[in-house]
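S.K.: Contents of final.txt (compact mmCIF, C-alpha atoms) are given next:
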# COMPACT_ATOMS: atom_id res chain seq x y z
CA MET A 1 8.84 18.04 -17.25
CA PRO A 2 7.88 14.62 -15.81
CA VAL A 3 8.76 11.64 -17.97
CA CYS A 4 5.49 9.93 -17.05
CA LYS A 5 2.63 12.38 -17.41
CA HIS A 6 -0.52 11.21 -15.66
CA ALA A 7 -3.72 10.67 -17.58
CA PRO A 8 -5.66 13.96 -17.22
CA SER A 9 -9.04 12.56 -18.13
CA GLY A 10 -10.92 9.46 -19.15
CA MET A 11 -12.06 6.45 -17.18
CA PHE A 12 -11.71 2.70 -17.38
CA ALA A 13 -15.10 0.96 -17.71
CA HIS A 14 -17.10 3.65 -19.48
CA MET A 15 -20.00 3.65 -21.92
CA ASN A 16 -18.89 3.65 -25.56
CA ASP A 17 -20.73 5.35 -28.41
CA GLY A 18 -22.94 2.31 -28.86
CA GLY A 19 -24.12 2.43 -25.26
CA ALA A 20 -22.22 -0.71 -24.23
CA MET A 21 -19.81 -0.96 -21.33
CA ASP A 22 -16.19 -0.60 -22.50
CA PHE A 23 -13.60 -2.19 -20.19
CA ARG A 24 -10.55 -1.12 -22.15
CA LEU A 25 -8.21 1.57 -20.84
CA THR A 26 -8.81 4.99 -22.32
CA GLU A 27 -6.28 6.39 -24.78
CA GLN A 28 -4.80 8.67 -22.11
CA GLN A 29 -4.49 5.80 -19.63
CA GLN A 30 -2.80 3.61 -22.21
CA MET A 31 -0.33 6.38 -23.06
CA PHE A 32 0.41 6.85 -19.37
CA ARG A 33 0.98 3.13 -18.85
CA ASP A 34 3.23 2.94 -21.91
CA SER A 35 5.35 5.83 -20.62
CA VAL A 36 5.67 4.19 -17.19
CA ALA A 37 6.66 0.90 -18.85
CA ALA A 38 9.35 2.65 -20.89
CA PHE A 39 10.70 4.30 -17.75
CA ALA A 40 10.68 1.05 -15.74
CA ARG A 41 12.31 -0.93 -18.54
CA LYS A 42 15.13 1.58 -18.84
CA GLU A 43 15.66 2.55 -15.20
CA LEU A 44 14.45 -0.33 -13.02
CA ALA A 45 14.56 -3.70 -14.76
CA GLU A 46 18.29 -4.08 -14.29
CA GLY A 47 19.09 -4.87 -10.68
CA ALA A 48 15.54 -5.95 -9.77
CA LEU A 49 16.71 -9.15 -8.03
CA GLU A 50 19.39 -7.42 -5.94
CA ARG A 51 17.01 -4.60 -5.05
CA ALA A 52 14.43 -7.03 -3.71
CA HIS A 53 16.91 -8.70 -1.37
CA ASN A 54 18.27 -5.44 0.02
CA SER A 55 16.35 -4.54 3.19
CA GLY A 56 17.23 -0.85 2.85
CA PHE A 57 14.95 1.66 1.16
CA PRO A 58 15.97 2.26 -2.49
CA HIS A 59 16.52 6.02 -2.28
CA ASP A 60 18.00 6.09 -5.78
CA VAL A 61 14.75 4.66 -7.17
CA ALA A 62 12.65 7.20 -5.26
CA LYS A 63 14.63 10.11 -6.71
CA LYS A 64 14.27 8.75 -10.23
CA MET A 65 10.55 8.34 -9.69
CA SER A 66 10.26 11.86 -8.38
CA LYS A 67 11.82 13.24 -11.56
CA ALA A 68 9.52 11.03 -13.62
CA GLY A 69 6.41 12.34 -11.84
CA LEU A 70 5.56 9.02 -10.17
CA LEU A 71 5.58 10.23 -6.56
CA GLY A 72 2.49 12.11 -5.46
CA ILE A 73 0.48 11.07 -8.52
CA THR A 74 -2.79 11.59 -6.63
CA ILE A 75 -1.68 14.72 -4.77
CA ASN A 76 -2.74 18.18 -5.91
CA GLU A 77 -0.37 20.02 -8.21
CA ALA A 78 -0.50 23.01 -5.85
CA ASP A 79 1.08 20.79 -3.18
CA GLY A 80 3.81 19.49 -5.47
CA GLY A 81 2.00 16.41 -6.78
CA ALA A 82 0.82 15.46 -10.25
CA GLY A 83 -2.91 15.99 -9.69
CA GLY A 84 -3.74 12.56 -11.11
CA THR A 85 -6.14 9.84 -10.03
CA LEU A 86 -6.13 6.70 -7.93
CA MET A 87 -6.52 4.74 -11.15
CA ASP A 88 -3.32 6.34 -12.45
CA ALA A 89 -1.50 5.23 -9.30
CA VAL A 90 -2.86 1.69 -9.65
CA LEU A 91 -1.67 1.53 -13.27
CA ALA A 92 1.76 2.78 -12.20
CA ILE A 93 2.06 0.12 -9.48
CA GLU A 94 1.14 -2.79 -11.73
CA THR A 95 3.29 -1.53 -14.62
CA VAL A 96 6.41 -0.98 -12.52
CA ALA A 97 5.93 -4.34 -10.74
CA ALA A 98 6.19 -6.14 -14.08
CA PHE A 99 9.83 -4.99 -14.30
CA CYS A 100 10.86 -4.57 -10.65
CA PRO A 101 8.51 -5.68 -7.85
CA ARG A 102 10.47 -3.88 -5.11
CA SER A 103 10.19 -0.58 -6.97
CA ALA A 104 6.40 -0.96 -7.04
CA ASP A 105 6.56 -0.58 -3.26
CA VAL A 106 8.11 2.85 -3.75
CA ILE A 107 5.17 3.82 -5.99
CA GLN A 108 2.74 2.66 -3.33
CA GLU A 109 4.54 4.44 -0.50
CA GLY A 110 4.76 7.61 -2.58
CA ASN A 111 1.04 7.66 -3.38
CA PHE A 112 -0.91 5.82 -0.67
CA GLY A 113 -0.90 5.58 3.09
CA ALA A 114 0.80 8.19 5.26
CA ILE A 115 1.70 10.51 2.39
CA ARG A 116 -1.95 10.92 1.36
CA VAL A 117 -3.07 11.50 4.94
CA LEU A 118 -0.34 14.11 5.32
CA ALA A 119 -1.22 15.82 2.04
CA HIS A 120 -4.91 15.90 2.91
CA PHE A 121 -4.75 17.21 6.46
CA ALA A 122 -1.46 19.13 6.72
CA ASN A 123 -1.38 22.91 6.70
CA ASP A 124 0.85 24.83 4.30
CA ASP A 125 3.78 24.94 6.71
CA GLN A 126 3.59 21.21 7.39
CA LYS A 127 3.41 20.47 3.66
CA LYS A 128 6.56 22.50 3.12
CA ARG A 129 8.50 20.81 5.92
CA TYR A 130 7.20 17.25 5.72
CA LEU A 131 5.46 16.65 2.38
CA ALA A 132 7.91 18.35 0.03
CA PRO A 133 10.92 16.14 0.94
CA LEU A 134 8.79 13.04 0.36
CA LEU A 135 7.71 14.15 -3.10
CA LYS A 136 11.34 14.85 -4.00
CA GLY A 137 12.33 11.33 -2.99
CA GLU A 138 14.62 12.71 -0.29
CA GLU A 139 12.86 11.30 2.78
CA VAL A 140 10.76 8.31 3.83
CA ILE A 141 7.60 8.44 5.97
CA ALA A 142 6.08 5.67 8.09
CA VAL A 143 2.85 5.32 10.05
CA ALA A 144 3.24 4.60 13.76
CA MET A 145 -0.17 3.21 14.65
CA THR A 146 -0.01 -0.38 15.93
CA GLU A 147 0.85 -1.00 19.58
CA PRO A 148 1.57 -4.21 21.52
CA GLU A 149 -2.03 -4.27 22.76
CA ALA A 150 -3.71 -2.38 19.93
CA GLY A 151 -3.57 -3.99 16.48
CA SER A 152 -6.88 -4.43 14.68
CA ALA A 153 -8.49 -2.78 17.71
CA THR A 154 -6.83 0.52 16.84
CA THR A 155 -9.01 2.52 19.22
CA ASP A 156 -7.39 0.71 22.16
CA LEU A 157 -4.11 2.58 21.62
CA VAL A 158 -2.59 4.14 24.72
CA THR A 159 0.35 6.21 23.44
CA SER A 160 -0.46 9.51 25.14
CA ALA A 161 -0.21 13.14 24.14
CA THR A 162 -0.26 15.28 27.29
CA ALA A 163 -0.55 19.04 27.00
CA ASP A 164 2.64 20.95 27.74
CA GLY A 165 2.12 24.63 27.08
CA ALA A 166 0.99 25.02 23.49
CA GLY A 167 2.48 21.63 22.54
CA TYR A 168 2.32 18.04 23.77
CA ARG A 169 4.51 15.41 25.43
CA ILE A 170 4.30 11.99 23.78
CA ASN A 171 4.79 8.82 25.82
CA GLY A 172 4.32 5.24 24.71
CA ARG A 173 5.52 2.76 22.12
CA LYS A 174 4.60 1.47 18.69
CA VAL A 175 5.44 -1.76 16.89
CA PHE A 176 6.01 -2.83 13.27
CA PRO A 177 6.84 0.47 11.51
CA ASN A 178 9.95 1.01 9.43
CA PRO A 179 12.66 1.89 11.99
CA HIS A 180 14.72 3.71 9.35
CA ALA A 181 12.09 6.25 8.27
CA ASP A 182 12.97 9.94 8.40
CA GLN A 183 9.57 11.05 9.67
CA TYR A 184 6.63 9.40 11.40
CA LEU A 185 2.89 10.02 11.42
CA VAL A 186 2.09 8.96 14.98
CA TYR A 187 -1.39 8.09 16.23
CA VAL A 188 -1.76 9.41 19.78
CA ARG A 189 -4.36 9.66 22.50
CA TYR A 190 -5.16 13.17 23.74
CA GLY A 191 -8.05 11.98 25.89
CA PRO A 192 -10.51 9.14 26.48
CA GLY A 193 -12.62 7.44 23.84
CA VAL A 194 -12.49 7.53 20.06
CA GLY A 195 -12.85 11.30 20.19
CA GLY A 196 -9.60 11.57 22.10
CA ILE A 197 -7.46 10.14 19.29
CA GLY A 198 -5.52 12.20 16.75
CA SER A 199 -2.03 12.34 15.26
CA VAL A 200 1.24 14.23 15.27
CA MET A 201 4.27 14.45 12.99
CA LEU A 202 7.79 13.98 14.25
CA ARG A 203 11.24 13.19 12.92
CA ARG A 204 13.49 10.42 14.10
CA THR A 205 15.91 13.04 15.45
CA ALA A 206 13.37 14.21 18.05
CA GLU A 207 14.72 14.21 21.62
CA GLY A 208 13.29 11.27 23.58
CA PHE A 209 12.53 9.21 20.46
CA SER A 210 14.37 5.91 20.06
CA THR A 211 14.08 2.55 18.35
CA GLY A 212 14.58 -0.93 19.76
CA LYS A 213 16.66 -3.71 18.28
CA PRO A 214 15.67 -4.20 14.63
CA SER A 215 13.93 -7.44 13.71
CA LYS A 216 12.86 -8.74 10.33
CA PHE A 217 9.52 -9.56 8.83
CA MET A 218 9.13 -12.68 6.71
CA SER A 219 9.40 -10.31 3.74
CA GLY A 220 12.95 -9.38 4.75
CA ASN A 221 12.03 -5.81 5.68
CA ASP A 222 13.17 -4.44 9.03
CA TRP A 223 10.87 -3.44 11.86
CA ALA A 224 11.51 -2.35 15.42
CA THR A 225 9.64 -1.06 18.44
CA LEU A 226 9.51 2.73 18.56
CA TYR A 227 9.79 4.35 21.98
CA PHE A 228 8.47 7.81 22.87
CA ASP A 229 9.93 9.01 26.16
CA ASN A 230 8.43 12.40 26.93
CA VAL A 231 8.96 13.54 23.32
CA TYR A 232 7.95 17.15 22.90
CA VAL A 233 5.81 17.95 19.88
CA PRO A 234 5.36 21.68 19.24
CA PRO A 235 1.91 22.91 18.15
CA GLU A 236 3.06 23.35 14.56
CA ASP A 237 3.65 19.57 14.31
CA VAL A 238 0.17 18.52 15.43
CA LEU A 239 -1.50 17.04 12.35
CA LEU A 240 -4.92 16.27 13.82
CA GLY A 241 -6.00 17.12 17.33
CA PRO A 242 -8.70 15.45 19.41
CA GLY A 243 -11.47 14.12 17.19
CA GLY A 244 -9.11 13.51 14.30
CA PHE A 245 -9.28 9.72 14.35
CA LYS A 246 -12.47 9.38 12.32
CA LYS A 247 -11.10 11.78 9.71
CA GLN A 248 -7.92 9.73 9.35
CA ILE A 249 -9.60 6.33 9.35
CA ALA A 250 -12.10 7.45 6.70
CA GLY A 251 -9.24 7.56 4.23
CA PHE A 252 -8.46 3.88 4.72
CA ASN A 253 -10.85 2.85 1.95
CA ALA A 254 -8.61 4.59 -0.57
CA GLU A 255 -5.41 3.33 1.07
CA ARG A 256 -6.58 -0.27 0.74
CA ILE A 257 -6.61 0.21 -3.01
CA GLY A 258 -2.82 0.59 -2.88
CA ASN A 259 -2.44 -2.56 -0.80
CA ALA A 260 -4.68 -4.48 -3.21
CA ALA A 261 -2.81 -3.18 -6.25
CA ARG A 262 0.53 -4.46 -4.98
CA SER A 263 -0.86 -7.88 -4.07
CA LEU A 264 -2.35 -8.32 -7.51
CA ALA A 265 0.71 -6.92 -9.31
CA TYR A 266 3.04 -9.30 -7.49
CA GLY A 267 0.76 -12.23 -8.25
CA ARG A 268 0.69 -11.31 -11.92
CA TYR A 269 4.48 -10.97 -11.96
CA CYS A 270 4.77 -14.55 -10.67
CA TYR A 271 2.20 -15.76 -13.18
CA GLU A 272 4.20 -14.31 -16.08
CA VAL A 273 7.49 -15.76 -14.81
CA ALA A 274 5.91 -19.20 -14.35
CA ARG A 275 4.24 -18.99 -17.77
CA ASP A 276 7.56 -18.32 -19.48
CA TYR A 277 9.12 -21.16 -17.50
CA ALA A 278 6.36 -23.61 -18.47
CA MET A 279 6.83 -22.77 -22.14
CA THR A 280 10.59 -23.36 -22.14
CA ARG A 281 11.31 -25.92 -19.42
CA LYS A 282 11.12 -29.56 -20.59
CA GLN A 283 10.49 -32.72 -18.63
CA PHE A 284 10.09 -36.21 -20.10
CA GLY A 285 10.94 -34.69 -23.48
CA ARG A 286 8.01 -32.26 -23.48
CA PRO A 287 7.52 -28.59 -22.48
CA LEU A 288 5.75 -28.28 -19.12
CA CYS A 289 2.88 -26.39 -20.75
CA GLU A 290 1.84 -29.58 -22.57
CA PHE A 291 0.89 -31.31 -19.31
CA GLN A 292 -2.82 -30.95 -18.57
CA GLY A 293 -2.31 -30.67 -14.82
CA LEU A 294 -0.28 -27.48 -15.32
CA GLN A 295 -2.65 -26.19 -18.00
CA TRP A 296 -5.45 -26.26 -15.44
CA LYS A 297 -3.29 -24.43 -12.93
CA PHE A 298 -2.67 -21.63 -15.39
CA ALA A 299 -6.35 -21.47 -16.36
CA ASP A 300 -7.28 -21.04 -12.69
CA MET A 301 -4.56 -18.43 -12.16
CA LYS A 302 -5.66 -16.44 -15.20
CA MET A 303 -9.31 -16.51 -14.14
CA LYS A 304 -8.51 -15.28 -10.62
CA LEU A 305 -6.18 -12.53 -11.84
CA GLU A 306 -8.72 -11.18 -14.32
CA ALA A 307 -11.57 -11.21 -11.79
CA ALA A 308 -9.46 -9.50 -9.13
CA GLN A 309 -8.27 -6.85 -11.58
CA LEU A 310 -11.84 -5.92 -12.52
CA LEU A 311 -12.76 -5.53 -8.84
CA LEU A 312 -9.65 -3.42 -8.21
CA TYR A 313 -10.27 -1.18 -11.21
CA ARG A 314 -13.91 -0.72 -10.23
CA ALA A 315 -12.92 0.35 -6.72
CA ALA A 316 -10.27 2.77 -8.00
CA VAL A 317 -12.40 4.34 -10.73
CA ASN A 318 -15.43 4.80 -8.50
CA ALA A 319 -13.25 6.25 -5.75
CA ASP A 320 -12.00 8.80 -8.28
CA ARG A 321 -15.59 9.73 -9.07
CA GLY A 322 -16.44 10.40 -5.45
CA PHE A 323 -15.87 9.11 -1.93
CA PRO A 324 -14.41 5.58 -1.94
CA ALA A 325 -17.15 2.97 -1.45
CA ALA A 326 -16.42 0.78 1.56
CA ASP A 327 -17.96 -2.32 0.01
CA GLU A 328 -16.00 -1.99 -3.25
CA THR A 329 -12.64 -1.36 -1.61
CA THR A 330 -13.23 -4.15 0.92
CA VAL A 331 -14.12 -6.69 -1.77
CA ALA A 332 -11.17 -5.57 -3.92
CA LYS A 333 -8.67 -5.90 -1.06
CA LEU A 334 -10.00 -9.32 -0.09
CA MET A 335 -9.92 -10.63 -3.64
CA CYS A 336 -6.54 -9.15 -4.54
CA ASN A 337 -4.88 -10.25 -1.29
CA GLN A 338 -6.04 -13.82 -1.69
CA THR A 339 -5.44 -13.96 -5.44
CA GLY A 340 -1.95 -12.48 -5.25
CA PHE A 341 -0.87 -15.01 -2.64
CA GLU A 342 -2.56 -17.99 -4.28
CA VAL A 343 -1.14 -17.22 -7.72
CA ALA A 344 2.37 -16.65 -6.34
CA ASN A 345 2.09 -19.95 -4.48
CA GLU A 346 0.95 -21.84 -7.58
CA ALA A 347 3.67 -20.19 -9.67
CA MET A 348 6.24 -21.48 -7.19
CA GLN A 349 4.74 -24.96 -7.45
CA VAL A 350 5.00 -24.85 -11.24
CA MET A 351 8.65 -23.82 -11.08
CA GLY A 352 9.57 -26.41 -8.47
CA GLY A 353 12.94 -26.02 -6.78
CA LEU A 354 13.90 -23.01 -8.88
CA GLY A 355 10.85 -21.08 -7.74
CA TYR A 356 11.79 -21.84 -4.14
CA THR A 357 15.26 -20.34 -4.51
CA GLN A 358 16.27 -16.70 -4.30
CA GLU A 359 17.50 -16.84 -7.88
CA THR A 360 14.04 -15.71 -9.00
CA LEU A 361 11.66 -13.21 -7.43
CA VAL A 362 8.79 -15.68 -7.10
CA GLU A 363 9.63 -16.57 -3.51
CA TYR A 364 10.07 -12.87 -2.70
CA CYS A 365 6.66 -12.01 -4.14
CA LEU A 366 5.06 -14.88 -2.23
CA ARG A 367 6.47 -13.60 1.05
CA ARG A 368 5.38 -10.04 0.32
CA CYS A 369 1.86 -11.06 -0.68
CA ARG A 370 1.47 -12.98 2.56
CA GLY A 371 2.19 -9.83 4.54
CA TRP A 372 -0.51 -7.81 2.78
CA MET A 373 -3.10 -10.30 3.98
CA LEU A 374 -2.30 -8.89 7.44
CA ALA A 375 -1.50 -5.24 6.73
CA GLY A 376 -4.08 -2.54 6.09
CA GLY A 377 -6.80 -4.63 7.70
CA SER A 378 -6.43 -8.41 7.90
CA ILE A 379 -8.57 -10.52 5.57
CA GLU A 380 -10.59 -11.63 8.61
CA MET A 381 -11.32 -8.02 9.58
CA MET A 382 -12.20 -7.28 5.97
CA LYS A 383 -14.70 -10.15 5.99
CA ASN A 384 -16.19 -8.82 9.22
CA ARG A 385 -16.53 -5.41 7.56
CA LEU A 386 -18.12 -6.95 4.49
CA ALA A 387 -20.63 -8.83 6.64
CA GLU A 388 -21.64 -5.53 8.25
CA ILE A 389 -22.24 -4.07 4.80
CA ILE A 390 -24.21 -7.13 3.71
CA PHE A 391 -26.51 -7.15 6.75
CA GLU A 392 -26.58 -3.37 7.20
CA ARG A 393 -25.69 -3.54 10.86
CA ARG A 394 -22.61 -3.36 13.03
CA PHE A 395 -21.21 -6.52 14.63
CA SER A 396 -19.04 -5.46 17.54
CA GLN A 397 -16.06 -7.73 18.22
CA ARG A 398 -15.90 -6.57 21.83
CA PRO A 399 -17.53 -8.53 24.67
CA PRO A 400 -20.94 -7.19 25.77
CA ARG A 401 -20.90 -4.64 28.53
CA PRO A 402 -22.22 -5.85 31.91
CA ALA A 403 -25.78 -4.89 32.56
CA ALA A 404 -26.34 -1.92 34.85
CA ALA A 405 -27.13 -2.82 38.45
Just dump the structure as structure tokens.
M.R.:
Amino acid sequence: MPVCKHAPSGMFAHMNDGGAMDFRLTEQQQMFRDSVAAFARKELAEGALERAHNSGFPHDVAKKMSKAGLLGITINEADGGAGGTLMDAVLAIETVAAFCPRSADVIQEGNFGAIRVLAHFANDDQKKRYLAPLLKGEEVIAVAMTEPEAGSATTDLVTSATADGAGYRINGRKVFPNPHADQYLVYVRYGPGVGGIGSVMLRRTAEGFSTGKPSKFMSGNDWATLYFDNVYVPPEDVLLGPGGFKKQIAGFNAERIGNAARSLAYGRYCYEVARDYAMTRKQFGRPLCEFQGLQWKFADMKMKLEAAQLLLYRAAVNADRGFPAADETTVAKLMCNQTGFEVANEAMQVMGGLGYTQETLVEYCLRRCRGWMLAGGSIEMMKNRLAEIIFERRFSQRPPRPAAA
């Protein structure tokens, strides 16, 4: 029986009996959050600092979360998940982050991104071989999408999948994914155009697959170039064939909710640490919180955090009610990315030299938040997308095609 049972019903921001909008969590959501908090306090709070500065994946945390029912929250029970909602996953991320920011990443990776794509499009055999180990906390999955010449312009990818009997031979390279993952969801090109893009699943033990020299992100996490040298993918490991790109990319609205949730949760963690510091640290014989300059900083931080949280909750709740709205998820990601980074930065300023050291997690959260302004769609691409929604037209970033002779 999972320790943390997801909320089976109820919605944040609903009409109360008096016909007014109620922005409080429902009773079930509050019970779920309380159970997650109890789990995180007992199992994750101790060792949070060391965990954050270890570049390896915390497999022990993933296994604990699996037993607690925190992996696959949004995945159908028939597939081994909890059958919960996106809002449940958001609550889990922000609750865990309050005790151990690094462990909140495990929640995100176990509920958003590649694991959701896999759960949605995999057949029963693929779910048994690839999804099940992820939900048990035994394996780690990574997306292999970005290429040296195809970042935001994802459709420019050139990693090829050439037919070989019933299967395919994969050739090309990818950059920025976790080089230590057990399995990869690889975007490949079967043929020309957007319609020629799909994806395959493969394990790091596949013949012809290799990784380059590991490098580090600013966050401290490892990345490396992945090389595919005539890697054979049997037909049973094809996730989506030609024409699959639009199906995969359609899910990005929901995935951005996970990115936004982490940004906001890390920003709030820093806010709470800085708040405690300002109430106890004294300068010139007075607590820092008595200085008006810092009072204004905290007022601004609080205002931004509350506004961003409302946008995030709206996006998550409405996505649970139907197909994720592009405008709501875009606005939520933009606001949460910027707020998380700005609040973490201000928290560091409040804490001075101590905030800049690795003796607290403020500097860690700042570095992580900066990365999410790039990942999952940069804030500039999100603004471009929002402009298209505002003006109800597409603004191509590509140069105009030459006129026909």
S.K.: Would you work out the distance separating CA of Ala250 in chain A from CA of Thr85 in chain A, expressed in Å to one decimal?
M.R.: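 Distance reported for this atom pair: 17.9 Å.
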S.K.: Could you name the residues that touch Asn337 in chain A at 10 Å or less, counting all atoms listed in the file, but leaving out those on the same chain fewer than 6 positions away, as a PyMOL selection string?
M.R.: chain A and resi 259-264+267+308+331+369-374+378-379
S.K.: Please return as a ChimeraX atom specification every residue within 9 Å of (-3.5, 8.3, 3.9), taking into account only C-alpha atoms and the file's own coordinates.
M.R.: /A:111-120,248-249,251-252,254-255
S.K.: Kindly give the distance, in Å, that separates CA of Pro192 in chain A and CA of Val143 in chain A, rounded to a single decimal.
M.R.: 21.5 Å
S.K.: Give me, please, the distance in Å between CA of Tyr364 in chain A and CA of Leu310 in chain A, quoted to one decimal.
M.R.: 25.0 Å
S.K.: Could you pull the residues within 8 Å of Ala62 in chain A, counting all atoms listed in the file, minus those fewer than 5 positions along the same chain, as a ChimeraX atom specification?
M.R.: /A:71,106,136-138
S.K.: Lys383 in chain A: which residues within 12 Å, counting only C-alpha atoms, same-chain residues fewer than 2 positions away excluded, as a VMD selection string?
M.R.: chain A and resid 326 to 327 329 to 335 373 377 to 381 385 to 390 395
